[in-house]
Each structure stands twice: as structure tokens, then as C-alpha cells.
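Q: Sharing model.cif, mmCIF, C-alpha atoms:
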```cif
data_upload
loop_
_atom_site.label_atom_id
_atom_site.label_comp_id
_atom_site.auth_asym_id
_atom_site.auth_seq_id
_atom_site.Cartn_x
_atom_site.Cartn_y
_atom_site.Cartn_z
CA MET A 1 67.08 158.85 151.44
CA PRO A 2 66.11 158.37 147.78
CA ALA A 3 62.73 156.73 147.25
CA GLU A 4 63.45 154.07 144.68
CA LEU A 5 65.36 151.37 146.52
CA ARG A 6 66.62 148.38 144.57
CA THR A 7 67.34 145.06 146.24
CA ILE A 8 70.70 143.33 146.47
CA PRO A 9 69.29 139.85 147.14
CA ALA A 10 70.74 137.89 150.04
CA ARG A 11 73.75 135.87 148.85
CA LYS A 12 73.56 137.35 145.33
CA GLY A 13 74.91 140.17 143.17
CA VAL A 14 73.53 142.94 140.99
CA ALA A 15 75.09 145.49 138.62
CA ALA A 16 73.84 148.87 137.45
CA PRO A 17 75.11 151.72 135.28
CA LEU A 18 75.68 155.21 136.70
CA GLN A 19 76.35 158.46 134.92
CA ARG A 20 79.01 160.85 136.11
CA GLY A 21 77.50 163.15 138.75
CA GLN A 22 74.79 160.72 139.82
CA HIS A 23 74.48 159.77 143.47
CA LEU A 24 74.58 156.22 144.80
CA THR A 25 73.18 155.21 148.17
CA VAL A 26 73.90 151.78 149.64
CA VAL A 27 71.82 150.71 152.63
CA ASN A 28 72.76 148.08 155.20
CA THR A 29 69.09 147.25 155.64
CA HIS A 30 69.43 144.66 158.39
CA GLY A 31 72.60 146.11 159.88
CA SER A 32 75.24 143.41 159.79
CA GLN A 33 75.53 142.59 156.11
CA VAL A 34 78.81 143.08 154.28
CA VAL A 35 78.30 144.37 150.74
CA ASP A 36 81.17 143.78 148.34
CA CYS A 37 81.30 146.70 145.94
CA TRP A 38 83.10 147.15 142.62
CA ALA A 39 83.10 150.00 140.10
CA PHE A 40 84.27 149.84 136.50
CA ASN A 41 84.81 152.56 133.93
CA ARG A 42 81.78 152.03 131.71
CA ALA A 43 83.79 152.79 128.54
CA ASP A 44 86.63 150.39 129.40
CA LEU A 45 86.15 147.71 132.03
CA VAL A 46 89.92 147.20 132.28
CA GLU A 47 89.90 150.42 134.30
CA PHE A 48 88.30 149.79 137.68
CA MET A 49 88.21 151.03 141.26
CA SER A 50 91.40 149.61 142.76
CA MET A 51 91.85 149.19 146.48
CA GLU A 52 95.66 149.10 146.31
CA HIS A 53 95.74 152.33 144.31
CA CYS A 54 93.23 153.98 146.67
CA ARG A 55 95.46 153.22 149.68
CA VAL A 56 98.47 154.91 148.06
CA GLU A 57 96.55 157.94 146.88
CA LEU A 58 94.56 158.49 150.10
CA GLY A 59 97.25 157.48 152.59
CA LEU A 60 94.38 155.59 154.20
CA ALA A 61 93.23 151.99 154.28
CA VAL A 62 89.60 153.14 154.49
CA PRO A 63 88.25 156.36 152.95
CA ARG A 64 86.80 159.21 154.98
CA ILE A 65 84.00 161.62 154.06
CA GLY A 66 85.07 163.63 151.03
CA ASP A 67 87.66 161.12 149.83
CA SER A 68 87.59 159.85 146.27
CA MET A 69 88.21 156.20 145.53
CA VAL A 70 90.42 155.92 142.45
CA THR A 71 90.89 153.53 139.56
CA ASN A 72 93.98 151.60 138.53
CA LYS A 73 94.76 154.72 136.45
CA ARG A 74 94.50 156.76 139.67
CA ARG A 75 91.44 158.71 138.47
CA PRO A 76 88.60 159.46 140.89
CA ILE A 77 85.65 157.13 140.30
CA LEU A 78 83.48 157.29 143.46
CA THR A 79 83.57 160.01 146.13
CA LEU A 80 82.29 159.20 149.62
CA LEU A 81 79.83 161.93 150.63
CA GLU A 82 78.03 160.47 153.65
CA ASP A 83 78.40 157.53 156.00
CA SER A 84 75.92 157.07 158.83
CA SER A 85 77.84 154.06 160.18
CA PRO A 86 81.03 154.25 162.29
CA GLY A 87 83.07 154.19 159.07
CA VAL A 88 84.49 150.71 159.46
CA HIS A 89 84.85 149.16 156.02
CA ASP A 90 87.52 146.98 154.44
CA THR A 91 89.71 147.40 151.38
CA THR A 92 92.18 144.58 152.03
CA LEU A 93 90.37 141.25 151.69
CA ALA A 94 89.66 139.28 148.52
CA ALA A 95 86.12 138.51 147.47
CA CYS A 96 85.06 135.08 148.69
CA ASP A 97 85.12 132.40 146.03
CA ILE A 98 84.43 128.70 145.64
CA TYR A 99 87.97 127.90 146.78
CA ARG A 100 87.41 129.77 150.04
CA TYR A 101 84.31 127.75 150.84
CA GLN A 102 85.96 124.49 149.85
CA ARG A 103 88.78 125.29 152.26
CA LEU A 104 86.21 126.08 154.98
CA GLY A 105 84.63 122.66 154.43
CA ALA A 106 81.43 123.60 152.61
CA PRO A 107 80.01 120.60 150.73
CA GLY A 108 79.15 121.17 147.05
CA TYR A 109 78.58 124.60 145.55
CA HIS A 110 78.38 127.67 147.78
CA ASP A 111 77.29 131.11 146.60
CA ASN A 112 80.27 133.47 146.53
CA CYS A 113 81.04 137.08 145.73
CA THR A 114 83.47 136.26 142.90
CA ASP A 115 80.81 134.34 140.96
CA ASN A 116 78.23 136.99 141.90
CA LEU A 117 80.39 139.69 140.28
CA ALA A 118 80.69 137.69 137.07
CA ALA A 119 76.96 136.86 136.97
CA ALA A 120 75.91 140.46 137.66
CA LEU A 121 78.11 141.77 134.86
CA ALA A 122 76.93 139.00 132.52
CA ALA A 123 73.32 140.08 133.15
CA LEU A 124 74.29 143.40 131.53
CA GLY A 125 76.15 141.62 128.72
CA LEU A 126 79.52 142.53 130.24
CA ALA A 127 82.58 140.70 131.53
CA SER A 128 85.70 141.65 133.47
CA PRO A 129 89.01 139.93 132.72
CA THR A 130 89.81 139.96 136.42
CA THR A 131 88.18 140.05 139.86
CA PRO A 132 89.48 143.24 141.44
CA CYS A 133 89.79 143.33 145.22
CA PRO A 134 86.37 144.64 146.31
CA PHE A 135 85.53 147.60 148.51
CA ASN A 136 83.93 145.59 151.32
CA LEU A 137 81.33 147.93 152.77
CA TRP A 138 80.85 147.38 156.52
CA GLU A 139 83.36 144.53 156.72
CA ASN A 140 85.09 144.85 160.09
CA SER A 141 88.67 143.87 159.46
CA ARG A 142 91.74 145.21 161.26
CA ILE A 143 95.45 144.83 160.65
CA ARG A 144 97.28 144.98 163.97
CA PRO A 145 100.82 146.40 164.43
CA ASP A 146 102.21 142.83 164.38
CA PHE A 147 100.55 142.37 160.95
CA THR A 148 97.95 139.88 162.22
CA GLN A 149 94.53 140.46 160.72
CA VAL A 150 91.13 139.60 162.12
CA ILE A 151 87.60 139.73 160.75
CA GLU A 152 84.88 140.50 163.31
CA PRO A 153 81.15 141.15 163.04
CA PRO A 154 80.24 144.52 161.50
CA VAL A 155 79.75 147.49 163.84
CA SER A 156 77.03 148.99 161.63
CA LYS A 157 73.34 149.11 162.54
CA PRO A 158 70.10 148.49 160.61
CA GLY A 159 69.45 151.22 158.05
CA ASP A 160 73.01 152.58 157.99
CA HIS A 161 73.88 154.00 154.60
CA VAL A 162 76.78 155.31 152.60
CA LEU A 163 76.38 157.88 149.83
CA PHE A 164 78.75 158.24 146.88
CA ARG A 165 78.97 160.53 143.88
CA ALA A 166 80.01 158.98 140.55
CA GLU A 167 83.04 160.72 139.08
CA LEU A 168 82.97 158.76 135.82
CA ASP A 169 80.30 157.02 133.78
CA LEU A 170 80.58 153.66 135.46
CA ILE A 171 79.16 150.25 136.17
CA VAL A 172 78.71 149.53 139.87
CA VAL A 173 78.41 145.95 141.10
CA PHE A 174 77.29 144.76 144.52
CA SER A 175 77.32 141.37 146.15
CA ALA A 176 75.51 140.73 149.44
CA CYS A 177 78.25 138.50 150.80
CA PRO A 178 77.00 134.89 151.30
CA GLN A 179 79.58 134.10 153.97
CA ASP A 180 77.75 131.97 156.57
CA LEU A 181 80.64 129.90 157.97
CA VAL A 182 82.54 132.68 159.77
CA PRO A 183 81.03 135.83 161.37
CA THR A 184 81.83 138.25 158.51
CA ASN A 185 78.11 139.09 158.33
CA GLY A 186 77.48 139.09 162.06
CA ALA A 187 77.67 136.58 164.89
CA ALA A 188 74.52 134.81 163.66
CA CYS A 189 76.25 133.91 160.35
CA ARG A 190 73.00 134.69 158.54
CA PRO A 191 73.48 136.65 155.29
CA THR A 192 70.71 139.08 154.42
CA GLU A 193 69.61 141.32 151.58
CA ALA A 194 70.71 144.94 151.31
CA HIS A 195 69.52 147.82 149.13
CA PHE A 196 70.79 150.60 146.91
CA ALA A 197 69.43 153.61 145.09
CA ILE A 198 70.66 155.75 142.21
CA ALA A 199 69.55 159.37 141.86
CA MET B 1 123.73 131.76 149.59
CA PRO B 2 123.55 130.33 146.04
CA ALA B 3 126.50 131.27 143.84
CA GLU B 4 124.88 132.41 140.64
CA LEU B 5 123.38 135.80 141.39
CA ARG B 6 121.38 137.54 138.69
CA THR B 7 120.91 141.30 138.65
CA ILE B 8 117.66 143.18 138.97
CA PRO B 9 118.92 146.42 137.41
CA ALA B 10 118.23 149.65 139.26
CA ARG B 11 114.84 151.08 138.18
CA LYS B 12 114.13 148.05 135.95
CA GLY B 13 112.44 144.65 135.95
CA VAL B 14 113.33 141.07 135.12
CA ALA B 15 111.35 137.83 134.86
CA ALA B 16 112.46 134.21 135.20
CA PRO B 17 110.84 130.77 135.18
CA LEU B 18 110.99 128.48 138.22
CA GLN B 19 110.08 124.84 138.55
CA ARG B 20 108.08 123.54 141.47
CA GLY B 21 110.49 122.71 144.30
CA GLN B 22 113.19 125.14 143.22
CA HIS B 23 114.46 127.74 145.66
CA LEU B 24 114.49 131.47 145.03
CA THR B 25 116.72 133.89 146.91
CA VAL B 26 116.19 137.65 146.66
CA VAL B 27 118.98 139.87 147.98
CA ASN B 28 118.63 143.48 149.08
CA THR B 29 122.17 144.15 147.95
CA HIS B 30 122.46 147.77 149.06
CA GLY B 31 119.99 147.48 151.91
CA SER B 32 117.23 149.98 151.31
CA GLN B 33 115.82 148.92 147.96
CA VAL B 34 112.19 147.86 147.66
CA VAL B 35 111.75 144.97 145.22
CA ASP B 36 108.27 144.53 143.80
CA CYS B 37 107.66 140.83 143.29
CA TRP B 38 105.02 138.96 141.31
CA ALA B 39 104.52 135.25 140.63
CA PHE B 40 102.31 133.72 137.93
CA ASN B 41 101.27 130.14 137.31
CA ARG B 42 103.46 129.29 134.33
CA ALA B 43 100.69 127.22 132.71
CA ASP B 44 98.05 129.95 133.07
CA LEU B 45 99.06 133.54 133.77
CA VAL B 46 95.49 134.38 134.82
CA GLU B 47 96.35 132.58 138.06
CA PHE B 48 98.82 134.64 140.06
CA MET B 49 100.06 135.32 143.59
CA SER B 50 97.34 137.55 145.05
CA MET B 51 97.96 139.76 148.04
CA GLU B 52 94.27 140.05 148.97
CA HIS B 53 93.86 136.27 148.91
CA CYS B 54 97.07 135.79 150.94
CA ARG B 55 95.78 138.08 153.69
CA VAL B 56 92.56 136.08 154.07
CA GLU B 57 94.29 132.70 154.01
CA LEU B 58 97.16 133.65 156.33
CA GLY B 59 95.25 135.96 158.69
CA LEU B 60 98.30 138.16 158.24
CA ALA B 61 99.13 141.25 156.21
CA VAL B 62 102.75 140.06 155.88
CA PRO B 63 103.85 136.40 155.80
CA ARG B 64 106.05 134.80 158.44
CA ILE B 65 108.65 132.05 158.05
CA GLY B 66 106.89 128.88 156.85
CA ASP B 67 103.88 130.70 155.39
CA SER B 68 102.80 130.05 151.82
CA MET B 69 101.70 132.91 149.63
CA VAL B 70 98.67 131.82 147.59
CA THR B 71 97.19 132.52 144.19
CA ASN B 72 93.79 133.93 143.29
CA LYS B 73 92.70 130.27 143.34
CA ARG B 74 94.04 130.05 146.91
CA ARG B 75 96.76 127.55 145.98
CA PRO B 76 100.23 127.86 147.50
CA ILE B 77 102.69 129.36 145.02
CA LEU B 78 105.69 130.59 147.07
CA THR B 79 106.61 129.53 150.61
CA LEU B 80 108.78 131.84 152.71
CA LEU B 81 111.64 129.77 154.17
CA GLU B 82 114.13 132.38 155.39
CA ASP B 83 114.22 136.12 156.01
CA SER B 84 117.39 137.71 157.40
CA SER B 85 115.72 141.14 157.58
CA PRO B 86 113.29 142.25 160.34
CA GLY B 87 110.40 140.88 158.27
CA VAL B 88 108.88 144.22 157.30
CA HIS B 89 107.41 143.89 153.81
CA ASP B 90 104.24 145.23 152.23
CA THR B 91 101.29 143.55 150.56
CA THR B 92 98.92 146.50 150.44
CA LEU B 93 100.28 149.08 148.00
CA ALA B 94 99.88 149.20 144.23
CA ALA B 95 102.89 149.07 141.94
CA CYS B 96 103.98 152.57 140.98
CA ASP B 97 102.92 153.61 137.49
CA ILE B 98 103.20 156.56 135.15
CA TYR B 99 100.08 158.07 136.73
CA ARG B 100 101.71 158.01 140.17
CA TYR B 101 104.74 159.92 138.93
CA GLN B 102 102.62 162.40 137.00
CA ARG B 103 100.69 163.10 140.21
CA LEU B 104 103.99 163.53 142.07
CA GLY B 105 105.07 166.13 139.49
CA ALA B 106 107.67 164.16 137.51
CA PRO B 107 108.22 165.74 134.08
CA GLY B 108 108.01 163.38 131.08
CA TYR B 109 108.39 159.63 131.37
CA HIS B 110 109.49 158.03 134.65
CA ASP B 111 110.46 154.39 135.05
CA ASN B 112 107.77 152.55 137.00
CA CYS B 113 107.10 149.06 138.34
CA THR B 114 103.90 148.59 136.32
CA ASP B 115 105.70 149.09 133.01
CA ASN B 116 108.66 147.05 134.32
CA LEU B 117 106.34 144.09 134.94
CA ALA B 118 104.96 144.28 131.40
CA ALA B 119 108.41 144.66 129.84
CA ALA B 120 109.90 141.79 131.86
CA LEU B 121 107.08 139.45 130.84
CA ALA B 122 107.32 140.63 127.21
CA ALA B 123 111.02 139.71 127.21
CA LEU B 124 109.88 136.11 127.78
CA GLY B 125 107.15 136.41 125.15
CA LEU B 126 104.45 136.63 127.82
CA ALA B 127 101.77 139.10 128.88
CA SER B 128 99.43 139.47 131.85
CA PRO B 129 95.92 140.84 131.34
CA THR B 130 96.25 142.69 134.65
CA THR B 131 98.81 144.18 137.03
CA PRO B 132 98.28 142.29 140.29
CA CYS B 133 99.09 144.07 143.52
CA PRO B 134 102.79 143.21 144.07
CA PHE B 135 104.46 141.65 147.08
CA ASN B 136 106.64 144.63 147.95
CA LEU B 137 109.74 143.11 149.52
CA TRP B 138 111.24 145.38 152.20
CA GLU B 139 108.67 148.14 151.70
CA ASN B 140 108.04 149.64 155.12
CA SER B 141 104.36 150.46 155.17
CA ARG B 142 102.07 150.41 158.20
CA ILE B 143 98.33 150.74 158.60
CA ARG B 144 97.56 152.37 161.96
CA PRO B 145 94.43 151.64 164.05
CA ASP B 146 92.82 154.83 162.67
CA PHE B 147 93.36 153.43 159.13
CA THR B 148 96.02 156.00 158.22
CA GLN B 149 98.87 154.49 156.26
CA VAL B 150 102.46 155.67 156.01
CA ILE B 151 105.43 154.60 153.90
CA GLU B 152 108.82 154.98 155.58
CA PRO B 153 112.37 154.00 154.59
CA PRO B 154 113.05 150.24 154.71
CA VAL B 155 114.43 148.77 157.94
CA SER B 156 116.50 146.17 156.07
CA LYS B 157 120.30 146.24 155.80
CA PRO B 158 122.77 145.56 152.96
CA GLY B 159 122.86 141.89 152.00
CA ASP B 160 119.56 140.96 153.64
CA HIS B 161 117.85 138.15 151.81
CA VAL B 162 114.60 136.25 151.63
CA LEU B 163 114.37 132.64 150.51
CA PHE B 164 111.28 131.06 148.95
CA ARG B 165 110.37 127.61 147.67
CA ALA B 166 108.30 127.43 144.48
CA GLU B 167 105.11 125.42 145.02
CA LEU B 168 104.06 125.53 141.35
CA ASP B 169 105.88 125.85 138.05
CA LEU B 170 105.83 129.60 137.87
CA ILE B 171 107.13 132.82 136.38
CA VAL B 172 108.58 135.21 138.93
CA VAL B 173 108.94 138.90 138.10
CA PHE B 174 110.92 141.52 140.01
CA SER B 175 111.11 145.26 139.69
CA ALA B 176 113.74 147.28 141.56
CA CYS B 177 111.35 150.10 142.38
CA PRO B 178 112.40 153.37 140.68
CA GLN B 179 110.65 155.57 143.24
CA ASP B 180 112.98 158.56 143.80
CA LEU B 181 110.49 161.25 144.78
CA VAL B 182 109.41 159.87 148.17
CA PRO B 183 111.56 157.79 150.60
CA THR B 184 110.17 154.36 149.65
CA ASN B 185 113.72 153.24 148.82
CA GLY B 186 115.42 155.03 151.72
CA ALA B 187 115.85 158.61 152.87
CA ALA B 188 118.37 159.29 150.07
CA CYS B 189 115.68 158.58 147.42
CA ARG B 190 118.31 156.77 145.34
CA PRO B 191 117.06 153.52 143.77
CA THR B 192 119.64 150.77 143.44
CA GLU B 193 120.02 147.35 141.87
CA ALA B 194 119.18 144.15 143.75
CA HIS B 195 119.91 140.49 143.03
CA PHE B 196 118.27 137.09 142.93
CA ALA B 197 119.28 133.48 142.48
CA ILE B 198 117.43 130.30 141.55
CA ALA B 199 118.68 126.92 142.69
#
```
Turn this file's structure into C-alpha cells for me.

A:
Amino acid sequence: MPAELRTIPARKGVAAPLQRGQHLTVVNTHGSQVVDCWAFNRADLVEFMSMEHCRVELGLAVPRIGDSMVTNKRRPILTLLEDSSPGVHDTTLAACDIYRYQRLGAPGYHDNCTDNLAAALAALGLASPTTPCPFNLWENSRIRPDFTQVIEPPVSKPGDHVLFRAELDLIVVFSACPQDLVPTNGAACRPTEAHFAIA
Amino acid sequence: MPAELRTIPARKGVAAPLQRGQHLTVVNTHGSQVVDCWAFNRADLVEFMSMEHCRVELGLAVPRIGDSMVTNKRRPILTLLEDSSPGVHDTTLAACDIYRYQRLGAPGYHDNCTDNLAAALAALGLASPTTPCPFNLWENSRIRPDFTQVIEPPVSKPGDHVLFRAELDLIVVFSACPQDLVPTNGAACRPTEAHFAIA
């Protein structure tokens, strides 16, 4: 595990640049935290890691070791090299947003992954014209044969990590999902911090 | 069935405005044609029908009769009122694009749903900053419990239709998918025209 861990604060987002060939570790520090993850071509943020393009290219709803996630131009952007968890992640569900929490009955403002993406990019002086569907690390979502879909607590454990290699110069963005009204982040509905490292 | 049918030409796209409350019929004229479908808020094209938001809000990967598809602001935009087909559609796969056909070995240019969306909007003097994941009417795609995903020929039959009610003033866009290298549009790999009507 790389030494220099950076924090993804509970309920918040953070962005960082990566160079092609660098390695990215994401750690589920407390074990049941979903981390929304985005990656953008650093030279052109209109090109980004696209879940719907990944599914076509991989023939998989969730990548396996060795698989490359692709952009909306179908170019590899992040390759999954290691996954110490059972490999249950989600590529199908939108980032939470203020509308989601309003519909769930939250009073006033509620932290959300959509705003976290925008704020994390803004901290680097960047903006995306759209909110791509995120790669929801450790989110435990299943589509059944009758097309019903459920979200259950993650099956990961404290300290689980995934390791990616950057295939482009890119900007990676994480949001430690602030969902505390349904058990996306575990039965306790208590969002936590997570960590990442670049080497 | 409404009288005034408009053609979605084989391999091409077309866009049309709808007013809130109007009804939209889409007909799978020859029975095995996938029709990529998009809907945009007419007053603000940055708000559009979003597959990843629909899945969260519906708890379903494919809508059922009475379900409303929602936008990226989680507002109803199209409600499914009728479906004479077995109800197998897809919300998970990206529109085909020139990169897809290049990767499949097509020489030179190949018609594709991504360019068809842009051209259909341009014909109305409009543009979208992004290519949302389409609602792929009649596309027969399944995600299995092991996360593998397959695309098989449609299970619809000639003349099958779906009927929607517009919940916003919107722009609807269709592309009769030009995929002829894999059996998305039937085992014969022969894309055809389809039709729609607004009433």
C-alpha cells in the first residue's frame, strides 16, 4: 500500500491530477463507504470515463481485474489492477443530488455527490459541462432478471482497496457519498471518510 | 393508433417538439429495430431524460406501464402508458458512435446514433452539450447475476408500439440504430425504418 494517503472527507469530494502510467489506490478505510469516482481527460474534460460505454466495451456491468474502463470516445482511461474486496461495485446509478434528498424528505440542504464533483473540480479551477454517471466503488446494487433493482449495504470490509493504472493524463474525482437516509453506506446509515493514494 | 405516422429513416435520426400532455407513439414497424430515444427539456437542453436517474427513482432498470422516466433533475418527462411488446428495452448501453464501428472493424464512416442525435437536433437549430445515455427501445440486453451483459436480437414483433405522455414541453429525438455488425437489430443485421406519431 502506498505510504502517502490522502483523505476523502466524509460527505465531501476531492479531485487530483494523474499522469498516464501512475497508479491510483482507493481505500475503503471503514469498510462500508461508497466512493463515487469520476475520471476526465485532463486535456479535454468533455472526454470522461463513461459507464454506459464501459458496459458495451467490456460486456460487463462491473469491471474485473485487468479490465480497462473507457471514455465516451471508447479509449482506456483507468485499468483495474487489484481489488481486495469481493468486486461488488456499481456502474448504473446516478450520483445523488439535492433533488434526491428533497424527494427522500431531507429538510434544507444536504451534501450530495453531484455538488461534491462540481466543488472538487472548481477547487482545481476546472468545470465539467455535465455530471457523468459515476463509477460507484463498493456500491452494492443488483439488477434482477425481472429488471427490478435494489441497493443494499456494501459487502466490502475495512481497509479494502482497489488499484488502478491511469491510461491517460487525467483528473480523478472522488466523493465519499453522504447518503444517510437509505443504507447505501451500510445499515448504520453513517457516512465516513475514505482515502486514496497516487504513486 | 394515431393516423399521422412520421418516419424515422433506417440508419438515421429525427427530432420533434412535444407539448406537455401530448401523446407520443413509437412503432417498431418491421419488428426487430432498436430505436434510440432521447428527450430534452425544451426550455433548457441541459435537463434531459437520464437513464441513471430513472433507475434510482424507479428501482427498475426498465420502466413498466405507468412509470415516469425522469430527467437529471429527477422530474418526470415521459410516462409509459402502453407497450404492446414484451417490455424488453434497454437503459444501460451507450449510443453507438464512430469509435464503436471503428473498433468493430468498419472501414470509413459508418452511420451511428451519436451523430444522428446531433444531426437531428441541428435540423431544429439546437445542440446538446452531451450525448446522454439513450433509452434504447426494444434493445434486448440483460445483465446477469455475475455482471456479464449480453445483447441479443429484439423480442418485439412487427407493428409493436409504445405510447408515452409528455410531462414537460420537450424535444424528443429518435435514431433508428444503424448497427449492422452485431445482432442488435435482429439476427439478419439489417437495420430498418421505424415510425412515430404525436397527438

Q: Please, which residues are within 12 Å of (116.7, 153.7, 139.2) by the file's coordinates, counting only C-alpha atoms, and could they come as a PyMOL selection string?

A: chain B and resi 8-13+33-35+110-113+116+175-181+185+189-194

Q: Near Asp169 of chain B, within 10 Å and counting all atoms listed in the file, which residues show up once chain neighbours fewer than 2 positions away are dropped, as a compact mmCIF listing (two decimals) with C-alpha atoms, in the frame of the given file?

A:
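New file part.txt:
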```
# COMPACT_ATOMS: atom_id res chain seq x y z
CA PRO B 17 110.84 130.77 135.18
CA LEU B 18 110.99 128.48 138.22
CA GLN B 19 110.08 124.84 138.55
CA ARG B 20 108.08 123.54 141.47
CA GLY B 21 110.49 122.71 144.30
CA GLN B 22 113.19 125.14 143.22
CA ALA B 39 104.52 135.25 140.63
CA PHE B 40 102.31 133.72 137.93
CA ASN B 41 101.27 130.14 137.31
CA ARG B 42 103.46 129.29 134.33
CA ALA B 43 100.69 127.22 132.71
CA ILE B 77 102.69 129.36 145.02
CA ALA B 166 108.30 127.43 144.48
CA GLU B 167 105.11 125.42 145.02
CA ILE B 171 107.13 132.82 136.38
CA VAL B 172 108.58 135.21 138.93
```

Q: At a cut-off of 9 Å, which residues of chain B touch chain A? Count all atoms listed in the file and give the answer as a PyMOL selection string.

A: chain B and resi 46+50-63+72-75+91-100+103+129-133+142-151

Q: Name the residues in contact with Glu82 of chain B at a cut-off of 8 Å, using all atoms listed in the file, excluding same-chain residues fewer than 6 positions from it; report them as a list in words.

A: Ile65, His161, Val162, Leu163 and Phe164 of chain B

Q: Write the selection just made, keeping C-alpha atoms, as a PDB file, keeping the file's coordinate frame?

A:
```
ATOM      1  CA  ILE B  65     108.650 132.050 158.050  1.00  0.00           C
ATOM      2  CA  HIS B 161     117.850 138.150 151.810  1.00  0.00           C
ATOM      3  CA  VAL B 162     114.600 136.250 151.630  1.00  0.00           C
ATOM      4  CA  LEU B 163     114.370 132.640 150.510  1.00  0.00           C
ATOM      5  CA  PHE B 164     111.280 131.060 148.950  1.00  0.00           C
TER       6      PHE B 164
END
```

Q: Using Å and a single decimal, report how far atom CA of Leu121 of chain B sits from atom CA of Leu81 of chain B.

A: 25.7 Å

Q: Find the distance between atom CA of Ala119 of chain A and atom CA of Trp38 of chain B and write it in Å to one decimal.

A: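 Separation of atom CA of Ala119 of chain A and atom CA of Trp38 of chain B: 28.5 Å.
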
Q: Interatomic distance between atom CA of Cys37 of chain B and atom CA of Ala106 of chain B?

A: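 One can read the atom CA of Cys37 of chain B to atom CA of Ala106 of chain B distance as 24.0 Å.
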
Q: Would you translate the PyMOL selection byres ((chain A and resi 31) around 7) into the concrete set of residues it matches in this file, as a VMD selection string?

A: chain A and resid 28 to 30 32 to 33 156 to 160

Q: Take the PyMOL selection byres ((chain A and resi 79) around 6), apply it to the structure above, and return the hits as a list in words.

A: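 Checking the PyMOL selection byres ((chain A and resi 79) around 6) against this file, the residues are Asp67, Ser68, Leu78, Leu80, Phe164 and Arg165 of chain A.
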
Q: Restricting the output to C-alpha atoms, write the selected residues as a PDB file, in the coordinates of the input.

A:
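Writing done, so here's part22.pdb:
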```pdb
ATOM      1  CA  ASP A  67      87.660 161.120 149.830  1.00  0.00           C
ATOM      2  CA  SER A  68      87.590 159.850 146.270  1.00  0.00           C
ATOM      3  CA  LEU A  78      83.480 157.290 143.460  1.00  0.00           C
ATOM      4  CA  LEU A  80      82.290 159.200 149.620  1.00  0.00           C
ATOM      5  CA  PHE A 164      78.750 158.240 146.880  1.00  0.00           C
ATOM      6  CA  ARG A 165      78.970 160.530 143.880  1.00  0.00           C
TER       7      ARG A 165
END
```

Q: Skipping near chain neighbours, those fewer than 4 positions away, what residues fall within 8 Å of Ile198 of chain B using only C-alpha atoms, listed as a list in words?

A: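 The residues that qualify are Pro2, Glu4, Leu18, Gln22, His23, Leu24 and Thr25 of chain B.
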
Q: Out of A:Pro183, A:Tyr101, A:Leu168, A:Ala197, which residue has the shortest atom-to-atom distance to Glu139 of chain A when counting only C-alpha atoms?

A: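 Closest to Glu139 of chain A of all the choices is A:Pro183.
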
Q: I need the output of the PyMOL selection byres ((chain A and resi 5) around 7) for this file as a ChimeraX atom specification; which residues are they?

A: /A:3-4,6-7,195-197

Q: For those residues, write C-alpha atoms to a file as a PDB file, in the coordinates of the input.

A:
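Contents of selection-v1.pdb, freshly written:
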```pdb
ATOM      1  CA  ALA A   3      62.730 156.730 147.250  1.00  0.00           C
ATOM      2  CA  GLU A   4      63.450 154.070 144.680  1.00  0.00           C
ATOM      3  CA  ARG A   6      66.620 148.380 144.570  1.00  0.00           C
ATOM      4  CA  THR A   7      67.340 145.060 146.240  1.00  0.00           C
ATOM      5  CA  HIS A 195      69.520 147.820 149.130  1.00  0.00           C
ATOM      6  CA  PHE A 196      70.790 150.600 146.910  1.00  0.00           C
ATOM      7  CA  ALA A 197      69.430 153.610 145.090  1.00  0.00           C
TER       8      ALA A 197
END
```
